[in-house]
$ cat upload-v8.pdb   # PDB, C-alpha atoms
ATOM      1  CA  MET A   1     215.895 -36.121 131.639
ATOM      2  CA  SER A   2     216.921 -38.698 129.077
ATOM      3  CA  ALA A   3     214.596 -40.879 127.035
ATOM      4  CA  MET A   4     211.438 -42.248 128.637
ATOM      5  CA  VAL A   5     210.028 -45.677 127.786
ATOM      6  CA  LEU A   6     206.520 -44.746 126.610
ATOM      7  CA  TYR A   7     205.141 -47.912 125.044
ATOM      8  CA  ARG A   8     205.662 -51.667 125.079
ATOM      9  CA  GLY A   9     203.663 -54.130 122.991
ATOM     10  CA  GLN A  10     203.938 -56.394 120.008
ATOM     11  CA  VAL A  11     203.097 -56.309 116.325
ATOM     12  CA  CYS A  12     199.390 -57.216 115.983
ATOM     13  CA  PRO A  13     198.245 -59.471 113.099
ATOM     14  CA  GLU A  14     196.105 -56.674 111.629
ATOM     15  CA  TRP A  15     199.153 -54.391 111.352
ATOM     16  CA  VAL A  16     200.900 -56.661 108.826
ATOM     17  CA  ASP A  17     200.621 -55.964 105.075
ATOM     18  CA  TYR A  18     201.056 -57.999 101.906
ATOM     19  CA  ASN A  19     204.844 -57.887 102.352
ATOM     20  CA  GLY A  20     204.475 -59.794 105.646
ATOM     21  CA  HIS A  21     205.770 -56.743 107.537
ATOM     22  CA  MET A  22     204.197 -54.113 109.746
ATOM     23  CA  ARG A  23     202.632 -51.556 107.372
ATOM     24  CA  ASP A  24     204.220 -48.076 107.494
ATOM     25  CA  ALA A  25     201.081 -46.501 108.990
ATOM     26  CA  TYR A  26     201.133 -48.822 112.010
ATOM     27  CA  TYR A  27     204.611 -47.688 112.974
ATOM     28  CA  LEU A  28     202.975 -44.275 113.316
ATOM     29  CA  LEU A  29     200.104 -45.800 115.311
ATOM     30  CA  VAL A  30     202.674 -47.128 117.788
ATOM     31  CA  PHE A  31     204.340 -43.694 117.939
ATOM     32  CA  SER A  32     200.893 -42.118 118.357
ATOM     33  CA  LEU A  33     200.173 -44.341 121.379
ATOM     34  CA  ALA A  34     203.602 -43.382 122.766
ATOM     35  CA  SER A  35     202.717 -39.724 122.204
ATOM     36  CA  ASP A  36     199.510 -40.251 124.219
ATOM     37  CA  ALA A  37     201.674 -41.596 127.057
ATOM     38  CA  LEU A  38     203.948 -38.549 126.853
ATOM     39  CA  ILE A  39     200.921 -36.237 126.969
ATOM     40  CA  ASP A  40     199.744 -38.080 130.090
ATOM     41  CA  ARG A  41     203.170 -37.472 131.654
ATOM     42  CA  ILE A  42     203.058 -33.706 131.144
ATOM     43  CA  GLY A  43     199.853 -33.698 133.183
ATOM     44  CA  LEU A  44     197.265 -33.840 130.415
ATOM     45  CA  ASP A  45     195.813 -37.286 131.004
ATOM     46  CA  ASP A  46     192.265 -38.094 129.976
ATOM     47  CA  ALA A  47     190.722 -36.609 133.135
ATOM     48  CA  ALA A  48     192.685 -33.354 132.770
ATOM     49  CA  ARG A  49     191.896 -33.092 129.064
ATOM     50  CA  GLN A  50     188.183 -33.465 129.809
ATOM     51  CA  SER A  51     187.995 -31.151 132.814
ATOM     52  CA  ARG A  52     190.218 -28.422 131.334
ATOM     53  CA  ARG A  53     188.912 -28.788 127.766
ATOM     54  CA  ARG A  54     192.475 -29.048 126.541
ATOM     55  CA  SER A  55     194.246 -31.488 124.262
ATOM     56  CA  VAL A  56     197.417 -31.827 122.221
ATOM     57  CA  TYR A  57     197.186 -32.216 118.450
ATOM     58  CA  THR A  58     199.831 -33.372 115.983
ATOM     59  CA  LEU A  59     200.932 -30.692 113.511
ATOM     60  CA  GLU A  60     203.792 -32.360 111.698
ATOM     61  CA  VAL A  61     205.492 -35.764 111.646
ATOM     62  CA  HIS A  62     208.700 -37.081 110.133
ATOM     63  CA  LEU A  63     209.314 -40.842 110.009
ATOM     64  CA  ASN A  64     212.328 -42.934 109.063
ATOM     65  CA  TYR A  65     211.933 -46.668 108.524
ATOM     66  CA  LEU A  66     215.100 -48.580 109.407
ATOM     67  CA  ARG A  67     214.077 -52.188 109.948
ATOM     68  CA  GLU A  68     211.172 -54.440 109.007
ATOM     69  CA  MET A  69     209.003 -55.731 111.845
ATOM     70  CA  LYS A  70     206.936 -58.925 111.658
ATOM     71  CA  GLU A  71     203.778 -60.192 113.371
ATOM     72  CA  GLY A  72     204.394 -60.843 117.050
ATOM     73  CA  ASP A  73     207.704 -58.938 117.205
ATOM     74  CA  PRO A  74     208.164 -57.217 120.587
ATOM     75  CA  LEU A  75     208.050 -53.416 120.464
ATOM     76  CA  ARG A  76     209.426 -50.727 122.739
ATOM     77  CA  VAL A  77     209.151 -46.982 122.162
ATOM     78  CA  GLU A  78     211.386 -44.421 123.816
ATOM     79  CA  GLY A  79     210.644 -40.730 123.622
ATOM     80  CA  ARG A  80     212.054 -37.397 124.649
ATOM     81  CA  ILE A  81     211.174 -33.724 124.446
ATOM     82  CA  LEU A  82     213.617 -31.933 122.123
ATOM     83  CA  ALA A  83     212.294 -28.408 122.596
ATOM     84  CA  SER A  84     209.180 -26.519 123.643
ATOM     85  CA  ASP A  85     207.636 -23.085 123.751
ATOM     86  CA  HIS A  86     204.501 -21.781 125.483
ATOM     87  CA  LYS A  87     202.174 -23.943 123.399
ATOM     88  CA  ARG A  88     204.229 -26.379 121.317
ATOM     89  CA  LEU A  89     206.395 -29.447 121.829
ATOM     90  CA  GLN A  90     209.051 -30.777 119.492
ATOM     91  CA  VAL A  91     209.497 -34.457 120.360
ATOM     92  CA  PHE A  92     211.514 -37.437 119.206
ATOM     93  CA  PHE A  93     210.539 -41.106 119.407
ATOM     94  CA  SER A  94     212.467 -44.261 118.563
ATOM     95  CA  LEU A  95     210.896 -47.689 118.063
ATOM     96  CA  HIS A  96     212.979 -50.718 119.024
ATOM     97  CA  TYR A  97     212.748 -54.483 118.665
ATOM     98  CA  GLY A  98     212.450 -55.742 122.249
ATOM     99  CA  GLU A  99     215.286 -54.425 124.360
ATOM    100  CA  GLU A 100     217.653 -53.668 121.476
ATOM    101  CA  ASP A 101     219.440 -50.328 121.344
ATOM    102  CA  ALA A 102     219.395 -49.854 117.555
ATOM    103  CA  PRO A 103     216.118 -48.288 116.418
ATOM    104  CA  ALA A 104     213.776 -49.959 113.917
ATOM    105  CA  ALA A 105     212.201 -46.574 113.163
ATOM    106  CA  CYS A 106     212.455 -42.980 114.344
ATOM    107  CA  SER A 107     209.944 -40.141 114.388
ATOM    108  CA  GLU A 108     210.350 -36.438 115.010
ATOM    109  CA  GLN A 109     207.062 -34.633 115.680
ATOM    110  CA  LEU A 110     205.663 -31.176 116.313
ATOM    111  CA  LEU A 111     202.679 -31.089 118.685
ATOM    112  CA  ILE A 112     200.426 -28.184 119.675
ATOM    113  CA  HIS A 113     198.284 -27.520 122.739
ATOM    114  CA  VAL A 114     194.656 -26.813 121.859
ATOM    115  CA  ASP A 115     191.575 -25.440 123.625
ATOM    116  CA  THR A 116     189.045 -28.059 122.547
ATOM    117  CA  GLY A 117     186.185 -25.649 123.217
ATOM    118  CA  SER A 118     187.328 -23.062 120.663
ATOM    119  CA  GLY A 119     189.420 -25.455 118.553
ATOM    120  CA  ARG A 120     192.293 -22.941 118.717
ATOM    121  CA  SER A 121     195.828 -23.296 119.997
ATOM    122  CA  THR A 122     196.453 -21.969 123.482
ATOM    123  CA  ALA A 123     199.257 -21.652 126.033
ATOM    124  CA  PHE A 124     200.009 -24.577 128.343
ATOM    125  CA  ASP A 125     198.805 -24.138 131.920
ATOM    126  CA  GLU A 126     201.532 -23.370 134.478
ATOM    127  CA  ASP A 127     201.533 -26.827 136.052
ATOM    128  CA  VAL A 128     201.878 -28.432 132.617
ATOM    129  CA  LEU A 129     204.721 -26.064 131.680
ATOM    130  CA  SER A 130     206.422 -27.042 134.912
ATOM    131  CA  ARG A 131     206.102 -30.763 134.073
ATOM    132  CA  ILE A 132     207.452 -30.104 130.559
ATOM    133  CA  GLY A 133     210.444 -28.364 132.139
ATOM    134  CA  GLU A 134     211.091 -31.333 134.397
ATOM    135  CA  LEU A 135     211.003 -33.725 131.433
ATOM    136  CA  SER A 136     213.126 -31.562 129.117
ATOM    137  CA  PRO A 137     216.869 -31.931 128.617
ATOM    138  CA  PRO A 138     218.873 -29.404 130.627
ATOM    139  CA  GLY A 139     221.777 -28.999 128.225
ATOM    140  CA  ALA A 140     222.571 -28.962 124.555
ATOM    141  CA  GLY A 141     220.254 -31.906 124.200
ATOM    142  CA  PHE A 142     220.031 -34.807 121.895
ATOM    143  CA  GLU A 143     221.515 -35.370 118.450
ATOM    144  CA  SER A 144     220.384 -37.886 115.858
ATOM    145  CA  PRO A 145     220.619 -38.244 112.075
ATOM    146  CA  TYR A 146     216.819 -38.491 112.255
ATOM    147  CA  VAL A 147     216.248 -35.020 113.703
ATOM    148  CA  GLY A 148     215.803 -32.013 111.409
ATOM    149  CA  ARG A 149     215.648 -34.066 108.231
ATOM    150  CA  SER A 150     214.028 -33.170 104.961
ATOM    151  CA  ILE A 151     213.287 -35.689 102.224
ATOM    152  CA  ALA A 152     215.506 -35.592  99.152
ATOM    153  CA  LEU A 153     216.270 -37.982  96.343
ATOM    154  CA  LYS A 154     220.054 -37.772  96.342
ATOM    155  CA  VAL A 155     221.236 -39.425  93.145
TER     156      VAL A 155
ATOM    157  CA  MET B   1     201.087 -36.046  84.173
ATOM    158  CA  SER B   2     199.422 -34.088  86.932
ATOM    159  CA  ALA B   3     197.981 -35.506  90.133
ATOM    160  CA  MET B   4     196.192 -38.852  90.061
ATOM    161  CA  VAL B   5     193.204 -39.644  92.290
ATOM    162  CA  LEU B   6     194.477 -42.720  94.150
ATOM    163  CA  TYR B   7     191.960 -43.290  96.935
ATOM    164  CA  ARG B   8     188.369 -42.483  97.849
ATOM    165  CA  GLY B   9     186.690 -43.539 101.075
ATOM    166  CA  GLN B  10     185.451 -42.196 104.364
ATOM    167  CA  VAL B  11     186.700 -41.921 107.932
ATOM    168  CA  CYS B  12     185.950 -45.263 109.662
ATOM    169  CA  PRO B  13     184.713 -45.299 113.288
ATOM    170  CA  GLU B  14     187.851 -47.158 114.444
ATOM    171  CA  TRP B  15     190.078 -44.364 113.069
ATOM    172  CA  VAL B  16     188.680 -41.750 115.492
ATOM    173  CA  ASP B  17     190.522 -40.972 118.744
ATOM    174  CA  TYR B  18     189.555 -39.436 122.073
ATOM    175  CA  ASN B  19     189.489 -35.986 120.473
ATOM    176  CA  GLY B  20     186.658 -37.131 118.182
ATOM    177  CA  HIS B  21     188.964 -36.744 115.173
ATOM    178  CA  MET B  22     190.803 -39.128 112.890
ATOM    179  CA  ARG B  23     193.978 -40.132 114.766
ATOM    180  CA  ASP B  24     197.239 -38.962 113.130
ATOM    181  CA  ALA B  25     198.306 -42.531 112.275
ATOM    182  CA  TYR B  26     195.154 -43.172 110.225
ATOM    183  CA  TYR B  27     195.922 -40.246 107.933
ATOM    184  CA  LEU B  28     199.074 -42.199 107.118
ATOM    185  CA  LEU B  29     197.029 -45.382 106.652
ATOM    186  CA  VAL B  30     194.973 -43.565 104.017
ATOM    187  CA  PHE B  31     198.177 -42.315 102.346
ATOM    188  CA  SER B  32     199.574 -45.861 102.569
ATOM    189  CA  LEU B  33     196.531 -47.242 100.725
ATOM    190  CA  ALA B  34     196.982 -44.481  98.121
ATOM    191  CA  SER B  35     200.650 -45.468  97.828
ATOM    192  CA  ASP B  36     199.544 -49.072  97.146
ATOM    193  CA  ALA B  37     197.367 -47.743  94.303
ATOM    194  CA  LEU B  38     200.316 -45.784  92.894
ATOM    195  CA  ILE B  39     202.505 -48.911  93.032
ATOM    196  CA  ASP B  40     199.794 -50.787  91.112
ATOM    197  CA  ARG B  41     199.861 -48.046  88.468
ATOM    198  CA  ILE B  42     203.612 -48.326  87.849
ATOM    199  CA  GLY B  43     203.010 -51.992  86.986
ATOM    200  CA  LEU B  44     203.737 -53.614  90.348
ATOM    201  CA  ASP B  45     200.289 -54.867  91.263
ATOM    202  CA  ASP B  46     199.867 -57.877  93.536
ATOM    203  CA  ALA B  47     200.309 -60.413  90.725
ATOM    204  CA  ALA B  48     203.499 -58.725  89.467
ATOM    205  CA  ARG B  49     204.899 -58.397  92.994
ATOM    206  CA  GLN B  50     204.346 -62.107  93.573
ATOM    207  CA  SER B  51     205.621 -63.399  90.226
ATOM    208  CA  ARG B  52     208.657 -61.068  90.076
ATOM    209  CA  ARG B  53     209.431 -61.229  93.812
ATOM    210  CA  ARG B  54     209.523 -57.460  93.892
ATOM    211  CA  SER B  55     207.905 -54.878  96.133
ATOM    212  CA  VAL B  56     208.186 -51.223  97.101
ATOM    213  CA  TYR B  57     208.985 -50.309 100.704
ATOM    214  CA  THR B  58     208.635 -46.958 102.455
ATOM    215  CA  LEU B  59     211.953 -45.418 103.559
ATOM    216  CA  GLU B  60     210.891 -42.007 104.813
ATOM    217  CA  VAL B  61     207.655 -40.063 105.346
ATOM    218  CA  HIS B  62     206.846 -36.451 106.111
ATOM    219  CA  LEU B  63     203.302 -35.510 107.143
ATOM    220  CA  ASN B  64     201.585 -32.177 107.677
ATOM    221  CA  TYR B  65     198.205 -32.063 109.402
ATOM    222  CA  LEU B  66     196.088 -29.141 108.203
ATOM    223  CA  ARG B  67     192.498 -29.953 109.088
ATOM    224  CA  GLU B  68     190.669 -32.243 111.506
ATOM    225  CA  MET B  69     188.573 -35.022 109.984
ATOM    226  CA  LYS B  70     185.599 -36.654 111.740
ATOM    227  CA  GLU B  71     183.916 -40.045 111.534
ATOM    228  CA  GLY B  72     182.140 -40.508 108.217
ATOM    229  CA  ASP B  73     183.878 -37.577 106.500
ATOM    230  CA  PRO B  74     184.471 -38.279 102.786
ATOM    231  CA  LEU B  75     188.132 -38.680 101.805
ATOM    232  CA  ARG B  76     189.975 -38.292  98.532
ATOM    233  CA  VAL B  77     193.715 -38.701  98.029
ATOM    234  CA  GLU B  78     195.613 -37.300  95.092
ATOM    235  CA  GLY B  79     199.191 -38.277  94.401
ATOM    236  CA  ARG B  80     202.043 -37.550  92.052
ATOM    237  CA  ILE B  81     205.598 -38.640  91.415
ATOM    238  CA  LEU B  82     207.998 -35.787  92.222
ATOM    239  CA  ALA B  83     211.219 -37.502  91.155
ATOM    240  CA  SER B  84     212.711 -40.933  90.614
ATOM    241  CA  ASP B  85     215.962 -42.742  89.981
ATOM    242  CA  HIS B  86     216.674 -46.350  88.979
ATOM    243  CA  LYS B  87     215.283 -47.762  92.236
ATOM    244  CA  ARG B  88     213.604 -44.975  94.199
ATOM    245  CA  LEU B  89     210.513 -42.794  93.990
ATOM    246  CA  GLN B  90     209.947 -39.454  95.678
ATOM    247  CA  VAL B  91     206.173 -38.958  95.836
ATOM    248  CA  PHE B  92     203.675 -36.429  97.151
ATOM    249  CA  PHE B  93     200.138 -37.091  98.350
ATOM    250  CA  SER B  94     197.386 -34.733  99.456
ATOM    251  CA  LEU B  95     194.297 -35.768 101.410
ATOM    252  CA  HIS B  96     191.113 -33.815 100.792
ATOM    253  CA  TYR B  97     187.622 -33.582 102.301
ATOM    254  CA  GLY B  98     185.328 -34.830  99.527
ATOM    255  CA  GLU B  99     185.912 -32.861  96.342
ATOM    256  CA  GLU B 100     187.518 -29.833  98.004
ATOM    257  CA  ASP B 101     190.713 -28.385  96.579
ATOM    258  CA  ALA B 102     192.329 -27.334  99.874
ATOM    259  CA  PRO B 103     194.191 -30.255 101.454
ATOM    260  CA  ALA B 104     193.398 -31.604 104.928
ATOM    261  CA  ALA B 105     196.864 -33.168 105.094
ATOM    262  CA  CYS B 106     199.915 -33.607 102.883
ATOM    263  CA  SER B 107     202.617 -36.253 102.777
ATOM    264  CA  GLU B 108     205.951 -36.389 100.994
ATOM    265  CA  GLN B 109     207.487 -39.869 100.871
ATOM    266  CA  LEU B 110     210.585 -41.694  99.707
ATOM    267  CA  LEU B 111     209.955 -45.261  98.460
ATOM    268  CA  ILE B 112     212.422 -47.943  97.404
ATOM    269  CA  HIS B 113     212.119 -50.941  95.089
ATOM    270  CA  VAL B 114     213.076 -54.201  96.793
ATOM    271  CA  ASP B 115     213.868 -57.769  95.729
ATOM    272  CA  THR B 116     211.725 -59.643  98.245
ATOM    273  CA  GLY B 117     213.840 -62.772  97.792
ATOM    274  CA  SER B 118     217.064 -61.158  99.002
ATOM    275  CA  GLY B 119     215.443 -58.327 100.966
ATOM    276  CA  ARG B 120     217.776 -55.871  99.204
ATOM    277  CA  SER B 121     217.005 -52.847  97.070
ATOM    278  CA  THR B 122     217.184 -53.397  93.335
ATOM    279  CA  ALA B 123     216.669 -51.518  90.067
ATOM    280  CA  PHE B 124     213.170 -51.211  88.623
ATOM    281  CA  ASP B 125     212.480 -53.452  85.635
ATOM    282  CA  GLU B 126     212.400 -51.679  82.244
ATOM    283  CA  ASP B 127     208.623 -51.854  81.839
ATOM    284  CA  VAL B 128     208.163 -50.352  85.313
ATOM    285  CA  LEU B 129     210.695 -47.580  84.588
ATOM    286  CA  SER B 130     208.744 -46.832  81.436
ATOM    287  CA  ARG B 131     205.469 -46.558  83.398
ATOM    288  CA  ILE B 132     207.181 -44.299  85.964
ATOM    289  CA  GLY B 133     208.328 -42.075  83.101
ATOM    290  CA  GLU B 134     204.779 -41.854  81.738
ATOM    291  CA  LEU B 135     203.435 -40.856  85.155
ATOM    292  CA  SER B 136     206.198 -38.340  85.960
ATOM    293  CA  PRO B 137     205.992 -34.598  85.345
ATOM    294  CA  PRO B 138     207.738 -33.515  82.158
ATOM    295  CA  GLY B 139     208.851 -30.074  83.319
ATOM    296  CA  ALA B 140     210.049 -28.246  86.381
ATOM    297  CA  GLY B 141     207.348 -30.068  88.282
ATOM    298  CA  PHE B 142     205.290 -29.347  91.294
ATOM    299  CA  GLU B 143     205.820 -26.885  94.122
ATOM    300  CA  SER B 144     204.229 -26.958  97.551
ATOM    301  CA  PRO B 145     205.061 -25.586 101.004
ATOM    302  CA  TYR B 146     204.793 -29.219 102.102
ATOM    303  CA  VAL B 147     207.657 -30.501  99.931
ATOM    304  CA  GLY B 148     211.232 -30.537 101.250
ATOM    305  CA  ARG B 149     210.264 -29.551 104.780
ATOM    306  CA  SER B 150     212.131 -30.219 107.978
ATOM    307  CA  ILE B 151     210.588 -29.887 111.418
ATOM    308  CA  ALA B 152     211.602 -26.877 113.474
ATOM    309  CA  LEU B 153     210.185 -25.094 116.481
ATOM    310  CA  LYS B 154     210.350 -21.518 115.233
ATOM    311  CA  VAL B 155     209.760 -19.288 118.223
TER     312      VAL B 155
END
$ encode --input "upload-v8.pdb" --output "structure tokens"
Amino acid sequence: MSAMVLYRGQVCPEWVDYNGHMRDAYYLLVFSLASDALIDRIGLDDAARQSRRRSVYTLEVHLNYLREMKEGDPLRVEGRILASDHKRLQVFFSLHYGEEDAPAACSEQLLIHVDTGSGRSTAFDEDVLSRIGELSPPGAGFESPYVGRSIALKV
Amino acid sequence: MSAMVLYRGQVCPEWVDYNGHMRDAYYLLVFSLASDALIDRIGLDDAARQSRRRSVYTLEVHLNYLREMKEGDPLRVEGRILASDHKRLQVFFSLHYGEEDAPAACSEQLLIHVDTGSGRSTAFDEDVLSRIGELSPPGAGFESPYVGRSIALKV
């Protein structure tokens, strides 16, 4: 399974800051909405989250900003599962201007499955694990300069 | 110079998601507002940004989510400069519930000084470099498990 298109929209007026560009936090809002769509696709849509008392929380996020976006610019987010275990997903999203290939921003994220009753992490249910398997890359997977990064001020 | 308190507020109703918690992107909005306050403190407030045609853009962000926050929860952000060169700042922010010491989230960020006329990065002006020096740690600096991280799914 290669990348999935998880979000399409445009830069809202309230997302633009004093520089006239989409504020850094709203790139993450767009990725967050894409993450919701991915969680739906593994079988944990709103109905399943409510009935099973399960959800998926964000543990860790890395973001790289590559291009400025302005009010009204068309947005597309692609996403893919990089890796998973019994209760966690490592995912990668790229934000694009319209249908362009080059990303305007990238985000690697670590997500965890939670029992919302106890507030503790818990194993995915079998049907969800099966969906994750279907959506995961079969081979060596995906490489990007925006996976596995740490921040450093290289002088 | 140790940490500076850069933001105080509370979790707004529109920041809360279907889990009843502050959505991941709004943690970054709070850090982004704290980053604005830090940029003011190095001498690049709104008036200076306009008159000098300078601004500071976010290049890269790392976020760790440590505690859920609910609507109305009191927020405090502390921040510090970890390192800098002639045009970049490596900074660290921690978000706290009220006056608590333990962080609810942490964010390491790489920021770059930009000439808004050309859209290209440019060296900080001397007075700004001087302010950065005053606000920077004199010694070996600050250590945290949330500095220098990369994302990995450790099984």
$ resolve_selection --input "upload-v8.pdb" --expression "the ChimeraX specification (/B :<9) & /A" --output "PyMOL selection string"
chain A and resi 18-19+23-32+46+55+57-66+83-85+88-90+108-110+116+147-153+155
$ calpha_fit_and_write --input "upload-v8.pdb" --fixed "chain A" --moving "chain B" --output "compact mmCIF listing (two decimals) with C-alpha atoms, in the frame of the given file"
# COMPACT_ATOMS: atom_id res chain seq x y z
CA MET B 1 215.90 -36.10 131.61
CA SER B 2 216.92 -38.68 129.06
CA ALA B 3 214.60 -40.87 127.03
CA MET B 4 211.45 -42.25 128.63
CA VAL B 5 210.03 -45.68 127.78
CA LEU B 6 206.52 -44.75 126.61
CA TYR B 7 205.14 -47.92 125.04
CA ARG B 8 205.65 -51.67 125.09
CA GLY B 9 203.66 -54.13 123.00
CA GLN B 10 203.93 -56.41 120.01
CA VAL B 11 203.09 -56.30 116.32
CA CYS B 12 199.38 -57.23 115.98
CA PRO B 13 198.24 -59.48 113.09
CA GLU B 14 196.09 -56.67 111.63
CA TRP B 15 199.15 -54.39 111.36
CA VAL B 16 200.90 -56.67 108.83
CA ASP B 17 200.63 -55.95 105.09
CA TYR B 18 201.07 -57.99 101.92
CA ASN B 19 204.84 -57.89 102.37
CA GLY B 20 204.48 -59.80 105.65
CA HIS B 21 205.76 -56.75 107.55
CA MET B 22 204.19 -54.11 109.75
CA ARG B 23 202.63 -51.56 107.37
CA ASP B 24 204.22 -48.08 107.49
CA ALA B 25 201.08 -46.49 108.99
CA TYR B 26 201.13 -48.83 112.00
CA TYR B 27 204.61 -47.68 112.97
CA LEU B 28 202.98 -44.27 113.31
CA LEU B 29 200.11 -45.79 115.31
CA VAL B 30 202.67 -47.13 117.79
CA PHE B 31 204.35 -43.69 117.94
CA SER B 32 200.90 -42.12 118.35
CA LEU B 33 200.18 -44.34 121.37
CA ALA B 34 203.60 -43.39 122.77
CA SER B 35 202.73 -39.72 122.19
CA ASP B 36 199.52 -40.25 124.21
CA ALA B 37 201.68 -41.60 127.06
CA LEU B 38 203.95 -38.55 126.85
CA ILE B 39 200.92 -36.23 126.97
CA ASP B 40 199.75 -38.08 130.10
CA ARG B 41 203.17 -37.47 131.66
CA ILE B 42 203.07 -33.70 131.14
CA GLY B 43 199.85 -33.69 133.19
CA LEU B 44 197.26 -33.85 130.40
CA ASP B 45 195.82 -37.29 131.01
CA ASP B 46 192.25 -38.10 129.98
CA ALA B 47 190.71 -36.62 133.13
CA ALA B 48 192.68 -33.36 132.78
CA ARG B 49 191.89 -33.10 129.07
CA GLN B 50 188.19 -33.47 129.81
CA SER B 51 187.98 -31.15 132.82
CA ARG B 52 190.22 -28.43 131.33
CA ARG B 53 188.91 -28.78 127.76
CA ARG B 54 192.47 -29.06 126.55
CA SER B 55 194.25 -31.49 124.26
CA VAL B 56 197.42 -31.83 122.22
CA TYR B 57 197.18 -32.22 118.44
CA THR B 58 199.83 -33.37 115.98
CA LEU B 59 200.93 -30.68 113.50
CA GLU B 60 203.79 -32.36 111.69
CA VAL B 61 205.50 -35.77 111.63
CA HIS B 62 208.71 -37.09 110.12
CA LEU B 63 209.31 -40.85 110.01
CA ASN B 64 212.33 -42.93 109.07
CA TYR B 65 211.93 -46.67 108.52
CA LEU B 66 215.09 -48.59 109.40
CA ARG B 67 214.07 -52.19 109.95
CA GLU B 68 211.16 -54.44 109.01
CA MET B 69 209.00 -55.74 111.85
CA LYS B 70 206.93 -58.94 111.66
CA GLU B 71 203.78 -60.18 113.37
CA GLY B 72 204.38 -60.85 117.06
CA ASP B 73 207.68 -58.94 117.21
CA PRO B 74 208.15 -57.22 120.59
CA LEU B 75 208.05 -53.41 120.46
CA ARG B 76 209.41 -50.72 122.73
CA VAL B 77 209.15 -46.98 122.15
CA GLU B 78 211.38 -44.43 123.81
CA GLY B 79 210.64 -40.74 123.61
CA ARG B 80 212.03 -37.39 124.64
CA ILE B 81 211.17 -33.73 124.44
CA LEU B 82 213.61 -31.94 122.13
CA ALA B 83 212.29 -28.40 122.60
CA SER B 84 209.18 -26.52 123.64
CA ASP B 85 207.63 -23.08 123.74
CA HIS B 86 204.50 -21.79 125.49
CA LYS B 87 202.17 -23.95 123.40
CA ARG B 88 204.22 -26.37 121.32
CA LEU B 89 206.38 -29.45 121.82
CA GLN B 90 209.04 -30.78 119.48
CA VAL B 91 209.50 -34.46 120.36
CA PHE B 92 211.51 -37.45 119.20
CA PHE B 93 210.54 -41.11 119.40
CA SER B 94 212.46 -44.26 118.56
CA LEU B 95 210.90 -47.69 118.05
CA HIS B 96 212.97 -50.71 119.02
CA TYR B 97 212.75 -54.49 118.66
CA GLY B 98 212.43 -55.74 122.25
CA GLU B 99 215.29 -54.42 124.37
CA GLU B 100 217.64 -53.65 121.47
CA ASP B 101 219.44 -50.32 121.34
CA ALA B 102 219.41 -49.85 117.56
CA PRO B 103 216.13 -48.29 116.42
CA ALA B 104 213.78 -49.96 113.92
CA ALA B 105 212.21 -46.57 113.16
CA CYS B 106 212.46 -42.97 114.34
CA SER B 107 209.95 -40.14 114.39
CA GLU B 108 210.35 -36.43 115.01
CA GLN B 109 207.07 -34.62 115.67
CA LEU B 110 205.67 -31.17 116.30
CA LEU B 111 202.66 -31.08 118.68
CA ILE B 112 200.42 -28.18 119.66
CA HIS B 113 198.28 -27.52 122.74
CA VAL B 114 194.65 -26.83 121.86
CA ASP B 115 191.58 -25.44 123.63
CA THR B 116 189.04 -28.06 122.58
CA GLY B 117 186.18 -25.63 123.26
CA SER B 118 187.32 -23.07 120.69
CA GLY B 119 189.42 -25.44 118.58
CA ARG B 120 192.28 -22.92 118.72
CA SER B 121 195.82 -23.29 120.00
CA THR B 122 196.45 -21.97 123.48
CA ALA B 123 199.25 -21.65 126.04
CA PHE B 124 200.01 -24.58 128.34
CA ASP B 125 198.81 -24.15 131.91
CA GLU B 126 201.54 -23.38 134.48
CA ASP B 127 201.53 -26.84 136.06
CA VAL B 128 201.89 -28.44 132.62
CA LEU B 129 204.73 -26.06 131.68
CA SER B 130 206.43 -27.05 134.91
CA ARG B 131 206.11 -30.77 134.07
CA ILE B 132 207.45 -30.10 130.55
CA GLY B 133 210.44 -28.36 132.13
CA GLU B 134 211.10 -31.35 134.39
CA LEU B 135 211.00 -33.73 131.42
CA SER B 136 213.13 -31.57 129.10
CA PRO B 137 216.88 -31.91 128.61
CA PRO B 138 218.88 -29.40 130.63
CA GLY B 139 221.79 -28.99 128.22
CA ALA B 140 222.57 -28.92 124.54
CA GLY B 141 220.27 -31.89 124.20
CA PHE B 142 220.04 -34.81 121.90
CA GLU B 143 221.51 -35.36 118.45
CA SER B 144 220.40 -37.88 115.87
CA PRO B 145 220.63 -38.24 112.08
CA TYR B 146 216.84 -38.49 112.25
CA VAL B 147 216.27 -35.01 113.70
CA GLY B 148 215.80 -32.00 111.41
CA ARG B 149 215.66 -34.06 108.23
CA SER B 150 214.02 -33.17 104.96
CA ILE B 151 213.29 -35.68 102.23
CA ALA B 152 215.51 -35.60 99.17
CA LEU B 153 216.29 -37.99 96.36
CA LYS B 154 220.07 -37.78 96.38
CA VAL B 155 221.28 -39.43 93.20
$ closest_residue --input "upload-v8.pdb" --among "B:Leu38, B:Arg52, B:Phe93, B:Glu14" --to "B:Thr122" --atoms "only C-alpha atoms"
B:Arg52
$ resolve_selection --input "upload-v8.pdb" --expression "the PyMOL selection byres ((chain A and resi 70) around 6)" --output "PyMOL selection string"
chain A and resi 21-22+69+71+73
$ resolve_selection --input "upload-v8.pdb" --expression "the PyMOL selection byres ((chain A and resi 132) around 10)" --output "VMD selection string"
chain A and resid 38 to 39 41 to 43 81 83 to 85 89 124 126 to 131 133 to 137
$ closest_residue --input "upload-v8.pdb" --among "A:Glu143, A:Tyr7, A:Ile112, A:Val16" --to "A:Tyr97" --atoms "all atoms listed in the file"
A:Tyr7
$ atom_distance --input "upload-v8.pdb" --atom1 "atom CA of A:Val91" --atom2 "atom CA of A:Gly79"
7.2 Å
$ closest_residue --input "upload-v8.pdb" --among "A:Pro74, A:Asp115, A:Ser51, A:Asp45" --to "A:Val11" --atoms "all atoms listed in the file"
A:Pro74
